[in-house]
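Trainee: Contents of upload.tsv (TSV, C-alpha atoms) are given next:
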chain	number	residue	atom	x	y	z
A	1	MET	CA	-64.41	52.31	-11.76
A	2	GLU	CA	-62.46	50.55	-9.00
A	3	MET	CA	-62.83	47.19	-10.75
A	4	GLN	CA	-61.82	48.73	-14.08
A	5	ASP	CA	-58.71	50.16	-12.41
A	6	ASP	CA	-57.90	46.71	-10.98
A	7	VAL	CA	-58.04	45.22	-14.48
A	8	VAL	CA	-55.96	48.00	-16.05
A	9	ARG	CA	-53.23	47.54	-13.44
A	10	LEU	CA	-52.88	43.90	-14.49
A	11	LEU	CA	-52.49	44.62	-18.22
A	12	PRO	CA	-48.83	44.92	-19.26
A	13	ALA	CA	-49.21	47.48	-22.08
A	14	ARG	CA	-46.80	49.23	-24.42
A	15	LYS	CA	-47.22	51.66	-27.30
A	16	GLY	CA	-45.86	51.39	-30.83
A	17	HIS	CA	-46.89	50.18	-34.29
A	18	PHE	CA	-47.94	46.54	-34.23
A	19	ARG	CA	-49.65	43.97	-36.44
A	20	LEU	CA	-52.28	42.15	-34.37
A	21	GLU	CA	-53.26	38.50	-34.70
A	22	SER	CA	-56.35	39.59	-36.63
A	23	GLY	CA	-54.21	41.31	-39.28
A	24	HIS	CA	-55.25	44.78	-38.11
A	25	HIS	CA	-52.68	47.35	-37.12
A	26	GLY	CA	-52.73	49.10	-33.75
A	27	GLU	CA	-50.60	51.22	-31.45
A	28	LEU	CA	-51.31	49.19	-28.30
A	29	TRP	CA	-49.65	45.85	-27.50
A	30	LEU	CA	-50.37	43.80	-24.39
A	31	ASP	CA	-47.75	41.33	-23.18
A	32	LEU	CA	-50.41	38.97	-21.86
A	33	GLU	CA	-47.87	36.24	-21.17
A	34	LEU	CA	-47.27	38.19	-17.95
A	35	LEU	CA	-50.95	38.31	-16.95
A	36	CYS	CA	-51.01	35.15	-14.82
A	37	LEU	CA	-47.50	35.48	-13.42
A	38	GLN	CA	-49.22	36.24	-10.12
A	39	PRO	CA	-52.43	34.15	-10.31
A	40	GLU	CA	-54.21	35.48	-7.21
A	41	PRO	CA	-55.36	38.89	-8.55
A	42	VAL	CA	-56.50	37.24	-11.78
A	43	GLN	CA	-58.40	34.63	-9.76
A	44	ARG	CA	-60.24	37.38	-7.88
A	45	LEU	CA	-61.28	39.01	-11.15
A	46	ALA	CA	-62.27	35.65	-12.63
A	47	ALA	CA	-64.61	35.16	-9.66
A	48	LYS	CA	-66.28	38.50	-10.42
A	49	LEU	CA	-66.58	37.57	-14.09
A	50	SER	CA	-68.13	34.20	-13.24
A	51	ALA	CA	-70.70	35.95	-11.04
A	52	ARG	CA	-71.82	37.93	-14.08
A	53	LEU	CA	-72.07	34.74	-16.15
A	54	ALA	CA	-73.98	32.78	-13.50
A	55	ARG	CA	-77.38	34.02	-14.68
A	56	ARG	CA	-76.69	32.77	-18.23
A	57	ARG	CA	-77.15	29.09	-17.24
A	58	ILE	CA	-73.71	28.21	-18.61
A	59	GLU	CA	-73.06	24.48	-19.00
A	60	ILE	CA	-69.47	24.62	-20.28
A	61	VAL	CA	-66.71	27.23	-20.59
A	62	CYS	CA	-64.32	27.42	-23.53
A	63	GLY	CA	-61.21	29.59	-23.68
A	64	PRO	CA	-58.76	30.21	-26.52
A	65	LEU	CA	-55.17	29.19	-25.86
A	66	ILE	CA	-53.04	30.43	-24.39
A	67	GLU	CA	-53.70	33.10	-21.78
A	68	GLY	CA	-57.45	33.27	-22.42
A	69	ALA	CA	-57.73	29.60	-21.51
A	70	PHE	CA	-56.12	30.27	-18.11
A	71	VAL	CA	-58.82	32.82	-17.29
A	72	ALA	CA	-61.50	30.50	-18.70
A	73	LEU	CA	-60.29	27.65	-16.47
A	74	MET	CA	-60.61	29.89	-13.39
A	75	VAL	CA	-64.12	30.95	-14.43
A	76	ALA	CA	-65.19	27.35	-15.07
A	77	ALA	CA	-63.96	26.37	-11.61
A	78	GLU	CA	-65.96	29.21	-10.04
A	79	LEU	CA	-69.10	28.21	-11.96
A	80	GLY	CA	-68.60	24.50	-11.24
A	81	VAL	CA	-68.88	23.53	-14.93
A	82	PRO	CA	-66.55	21.70	-17.34
A	83	PHE	CA	-63.70	23.55	-19.06
A	84	THR	CA	-62.59	23.23	-22.68
A	85	TYR	CA	-60.25	25.18	-24.91
A	86	THR	CA	-59.43	25.96	-28.51
A	87	GLU	CA	-56.02	25.80	-30.20
A	88	ARG	CA	-54.81	28.35	-32.73
A	89	PHE	CA	-53.95	27.48	-36.33
A	90	ALA	CA	-52.80	29.84	-39.10
A	91	ASP	CA	-54.57	29.60	-42.45
A	92	ARG	CA	-52.29	28.55	-45.28
A	93	LYS	CA	-53.93	31.10	-47.55
A	94	PRO	CA	-55.38	34.45	-46.41
A	95	ASN	CA	-59.04	34.97	-47.16
A	96	PRO	CA	-59.24	37.48	-50.04
A	97	GLU	CA	-62.81	38.41	-49.07
A	98	THR	CA	-61.60	39.89	-45.77
A	99	ASP	CA	-58.49	41.67	-47.08
A	100	ALA	CA	-56.32	39.05	-45.33
A	101	LEU	CA	-57.88	39.86	-41.95
A	102	TYR	CA	-58.55	37.13	-39.37
A	103	PRO	CA	-56.03	34.68	-40.91
A	104	VAL	CA	-55.99	32.52	-37.76
A	105	ARG	CA	-58.43	29.73	-36.95
A	106	TYR	CA	-59.23	28.20	-33.57
A	107	ARG	CA	-60.19	24.57	-33.11
A	108	ILE	CA	-61.40	22.47	-30.19
A	109	PRO	CA	-59.24	19.31	-29.79
A	110	ARG	CA	-60.76	16.11	-31.17
A	111	ALA	CA	-61.24	14.49	-27.75
A	112	LEU	CA	-63.32	17.46	-26.56
A	113	ARG	CA	-65.54	18.01	-29.58
A	114	ASP	CA	-68.31	15.64	-28.48
A	115	VAL	CA	-68.15	17.05	-24.95
A	116	VAL	CA	-69.37	20.51	-26.03
A	117	HIS	CA	-72.18	19.22	-28.27
A	118	GLY	CA	-75.56	20.64	-27.26
A	119	LYS	CA	-74.12	22.62	-24.34
A	120	ARG	CA	-74.79	26.27	-23.49
A	121	ALA	CA	-71.26	27.60	-23.79
A	122	ALA	CA	-69.49	30.72	-22.61
A	123	ILE	CA	-66.39	31.85	-24.48
A	124	VAL	CA	-64.01	33.37	-21.93
A	125	ASN	CA	-60.90	35.29	-22.95
A	126	ASP	CA	-58.38	37.47	-21.16
A	127	VAL	CA	-58.72	40.57	-23.35
A	128	ILE	CA	-60.83	41.15	-26.47
A	129	ASN	CA	-59.46	43.63	-29.01
A	130	ALA	CA	-60.16	42.85	-32.67
A	131	GLY	CA	-61.81	39.63	-31.52
A	132	SER	CA	-59.84	37.10	-33.56
A	133	ALA	CA	-59.77	34.48	-30.79
A	134	ILE	CA	-63.43	34.77	-29.81
A	135	ARG	CA	-64.52	34.70	-33.44
A	136	GLY	CA	-62.53	31.56	-34.17
A	137	THR	CA	-63.70	29.87	-30.98
A	138	PHE	CA	-67.33	30.78	-31.68
A	139	VAL	CA	-67.16	29.29	-35.19
A	140	ASP	CA	-65.72	25.98	-33.99
A	141	LEU	CA	-68.10	25.68	-31.05
A	142	LYS	CA	-70.97	26.01	-33.50
A	143	ALA	CA	-69.33	23.43	-35.77
A	144	CYS	CA	-69.30	21.04	-32.79
A	145	GLY	CA	-73.00	21.57	-32.13
A	146	ALA	CA	-72.52	23.73	-29.03
A	147	ARG	CA	-74.73	26.75	-28.29
A	148	PRO	CA	-72.55	29.77	-27.50
A	149	VAL	CA	-74.66	32.13	-25.38
A	150	ALA	CA	-72.07	34.54	-23.97
A	151	VAL	CA	-68.62	36.00	-24.48
A	152	ALA	CA	-66.71	37.25	-21.46
A	153	ALA	CA	-63.34	38.86	-20.81
A	154	LEU	CA	-61.46	40.77	-18.16
A	155	ALA	CA	-61.28	43.69	-20.58
A	156	VAL	CA	-62.72	44.70	-23.94
A	157	LEU	CA	-60.72	47.18	-26.01
A	158	GLY	CA	-62.51	49.28	-28.59
A	159	GLU	CA	-65.78	48.32	-30.26
A	160	SER	CA	-65.09	45.06	-32.14
A	161	GLY	CA	-66.07	42.75	-29.29
A	162	ALA	CA	-69.40	44.47	-28.67
A	163	LYS	CA	-70.20	44.48	-32.38
A	164	PHE	CA	-69.43	40.76	-32.70
A	165	ALA	CA	-71.61	39.87	-29.71
A	166	ALA	CA	-74.47	42.00	-31.04
A	167	ASP	CA	-74.18	40.50	-34.53
A	168	GLN	CA	-74.30	36.97	-33.11
A	169	LYS	CA	-77.06	37.86	-30.59
A	170	ILE	CA	-75.04	36.65	-27.61
A	171	ALA	CA	-74.29	38.36	-24.31
A	172	LEU	CA	-71.03	40.22	-23.68
A	173	GLU	CA	-69.68	40.45	-20.13
A	174	ALA	CA	-66.53	42.42	-19.29
A	175	LEU	CA	-65.04	43.87	-16.13
A	176	ALA	CA	-63.41	46.75	-18.00
A	177	THR	CA	-64.25	48.49	-21.27
A	178	LEU	CA	-61.47	50.67	-22.62
A	179	PRO	CA	-61.17	52.86	-25.71
A	180	ASN	CA	-58.80	51.63	-28.41
A	181	GLU	CA	-58.52	52.05	-32.15
A	182	ILE	CA	-57.31	49.55	-34.73
A	183	TRP	CA	-57.06	49.85	-38.52
A	184	THR	CA	-56.85	47.67	-41.58
A	185	PRO	CA	-53.35	47.85	-43.10
A	186	ALA	CA	-54.69	50.05	-45.91
A	187	GLU	CA	-56.18	52.53	-43.42
A	188	CYS	CA	-53.35	52.57	-40.86
A	189	PRO	CA	-52.19	56.15	-40.19
A	190	MET	CA	-48.81	54.94	-38.93
A	191	CYS	CA	-48.20	53.10	-42.20
A	192	ALA	CA	-49.21	56.27	-44.04
A	193	ARG	CA	-46.50	58.12	-42.11
A	194	GLY	CA	-43.94	55.49	-43.07
A	195	LEU	CA	-43.51	54.08	-39.56
A	196	PRO	CA	-42.28	50.46	-39.69
A	197	LEU	CA	-44.09	47.69	-37.88
A	198	GLU	CA	-42.43	46.64	-34.63
A	199	ASP	CA	-41.72	43.06	-33.63
A	200	PRO	CA	-43.40	42.57	-30.24
A	201	GLU	CA	-41.06	39.66	-29.53
A	202	ALA	CA	-37.90	41.75	-30.05
Output the file's structure in the form of structure tokens.
Mentor:
Amino acid sequence: MEMQDDVVRLLPARKGHFRLESGHHGELWLDLELLCLQPEPVQRLAAKLSARLARRRIEIVCGPLIEGAFVALMVAAELGVPFTYTERFADRKPNPETDALYPVRYRIPRALRDVVHGKRAAIVNDVINAGSAIRGTFVDLKACGARPVAVAALAVLGESGAKFAADQKIALEALATLPNEIWTPAECPMCARGLPLEDPEA
């Protein structure tokens, strides 16, 4: 519980009605740009996360830009393995089969694609909510011939991260697991009440 409290204290949260990167709606928004403003407490947590990953025989760590990659870099340094990252790209056309959910893709830069080939990879993020970043990173690691064996984060919100890891038969490591609910736009109770979406950048 003490470690979970340490993680929660670092998460700059606010409540409202937001559209998440995944396309889901939720009432919790994390201003994760502030997470690494003071690197030392994050570094301490990254060391604890790397200790949990050590038994997975990780050969390379990959983190989604932006803030997730900062945590991933710290974990890679603790494990003494190479670090890579994925960049985010928006699809030009939403996928009709997923009701326009997960419209963002993640891609490993060209110069790093051969580096991850054949490696046992850990995907490290800052916080997993709907799982858009870890999903996109997982897909591109596989496309590069890597072998993702674990997903790790400082915190996992709700159940999406655990379900993804179970579906893909990979390990999930997190320092904090917190309840949280998200909805498709059609199921969102705040939309049903006529509450407008808020701009998190405003």
Trainee: Smallest atom-to-atom distance to Pro189 in chain A: which of A:Asp6, A:His25, A:Lys163, A:Leu20, using only C-alpha atoms?
Mentor: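 With only C-alpha atoms as the atom set, the closest residue is A:His25.
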Trainee: Go through A:Val139, A:Val42, A:Ala152, A:Gly16 one by one, measure the shortest atom-to-atom distance of each to Cys191 in chain A using only C-alpha atoms, and give the residue with the smallest value.
Mentor: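 Among the listed residues, A:Gly16 lies closest to Cys191 in chain A.
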Trainee: Name the closest residue to Gly63 in chain A among the candidates A:Ile123, A:Val104, A:Ala13, A:Cys36; distances are taken between atoms, counting only C-alpha atoms.
Mentor: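 Ranked by minimum distance to Gly63 in chain A, first place goes to A:Ile123.
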Trainee: Tell me, in Å to one decimal, how far CA of Ala51 in chain A is from CA of Leu65 in chain A.
Mentor: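 Computing the Euclidean distance for CA of Ala51 in chain A and CA of Leu65 in chain A yields 22.5 Å.
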Trainee: Which is closer to Leu172 in chain A than all the others in A:Arg107, A:Arg56, A:Lys48, A:His117, using all atoms listed in the file?
Mentor: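 Of all the options, A:Arg56 lies closest to Leu172 in chain A.
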Trainee: Do a neighbour search on range 87-89 of chain A at 9 Å with only C-alpha atoms, toss out local chain neighbours closer than 5 positions, and write the hits as number ranges by chain.
Mentor: A: 64-66, 103-109, 133, 136-137
Trainee: In terms of the shortest atom-to-atom distance over all atoms listed in the file, which of A:Val127, A:Ala162, A:Leu112, A:Ala186 is closest to Pro12 in chain A?
Mentor: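 When distances to Pro12 in chain A are compared using all atoms listed in the file, the smallest one comes from A:Val127.
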Trainee: For CA of Arg193 in chain A and CA of Thr177 in chain A, determine how far apart the two atoms are, in Å to one decimal place.
Mentor: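 Interatomic distance, CA of Arg193 in chain A to CA of Thr177 in chain A: 29.0 Å.
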Trainee: Kindly provide, as a PDB file with C-alpha atoms, keeping the file's coordinate frame, the polymer residues lying within 7 Å of (-65.4, 29.7, -19.5), counting all atoms listed in the file and using the coordinates exactly as they appear in the file.
Mentor:
ATOM      1  CA  ILE A  60     -69.470  24.620 -20.280  1.00  0.00           C
ATOM      2  CA  VAL A  61     -66.710  27.230 -20.590  1.00  0.00           C
ATOM      3  CA  CYS A  62     -64.320  27.420 -23.530  1.00  0.00           C
ATOM      4  CA  GLY A  63     -61.210  29.590 -23.680  1.00  0.00           C
ATOM      5  CA  ALA A  72     -61.500  30.500 -18.700  1.00  0.00           C
ATOM      6  CA  LEU A  73     -60.290  27.650 -16.470  1.00  0.00           C
ATOM      7  CA  VAL A  75     -64.120  30.950 -14.430  1.00  0.00           C
ATOM      8  CA  ALA A  76     -65.190  27.350 -15.070  1.00  0.00           C
ATOM      9  CA  PHE A  83     -63.700  23.550 -19.060  1.00  0.00           C
ATOM     10  CA  ALA A 122     -69.490  30.720 -22.610  1.00  0.00           C
ATOM     11  CA  ILE A 123     -66.390  31.850 -24.480  1.00  0.00           C
ATOM     12  CA  VAL A 124     -64.010  33.370 -21.930  1.00  0.00           C
TER      13      VAL A 124
END
Trainee: What is the CA of Arg44 in chain A to CA of Val116 in chain A distance in Å?
Mentor: 26.4 Å
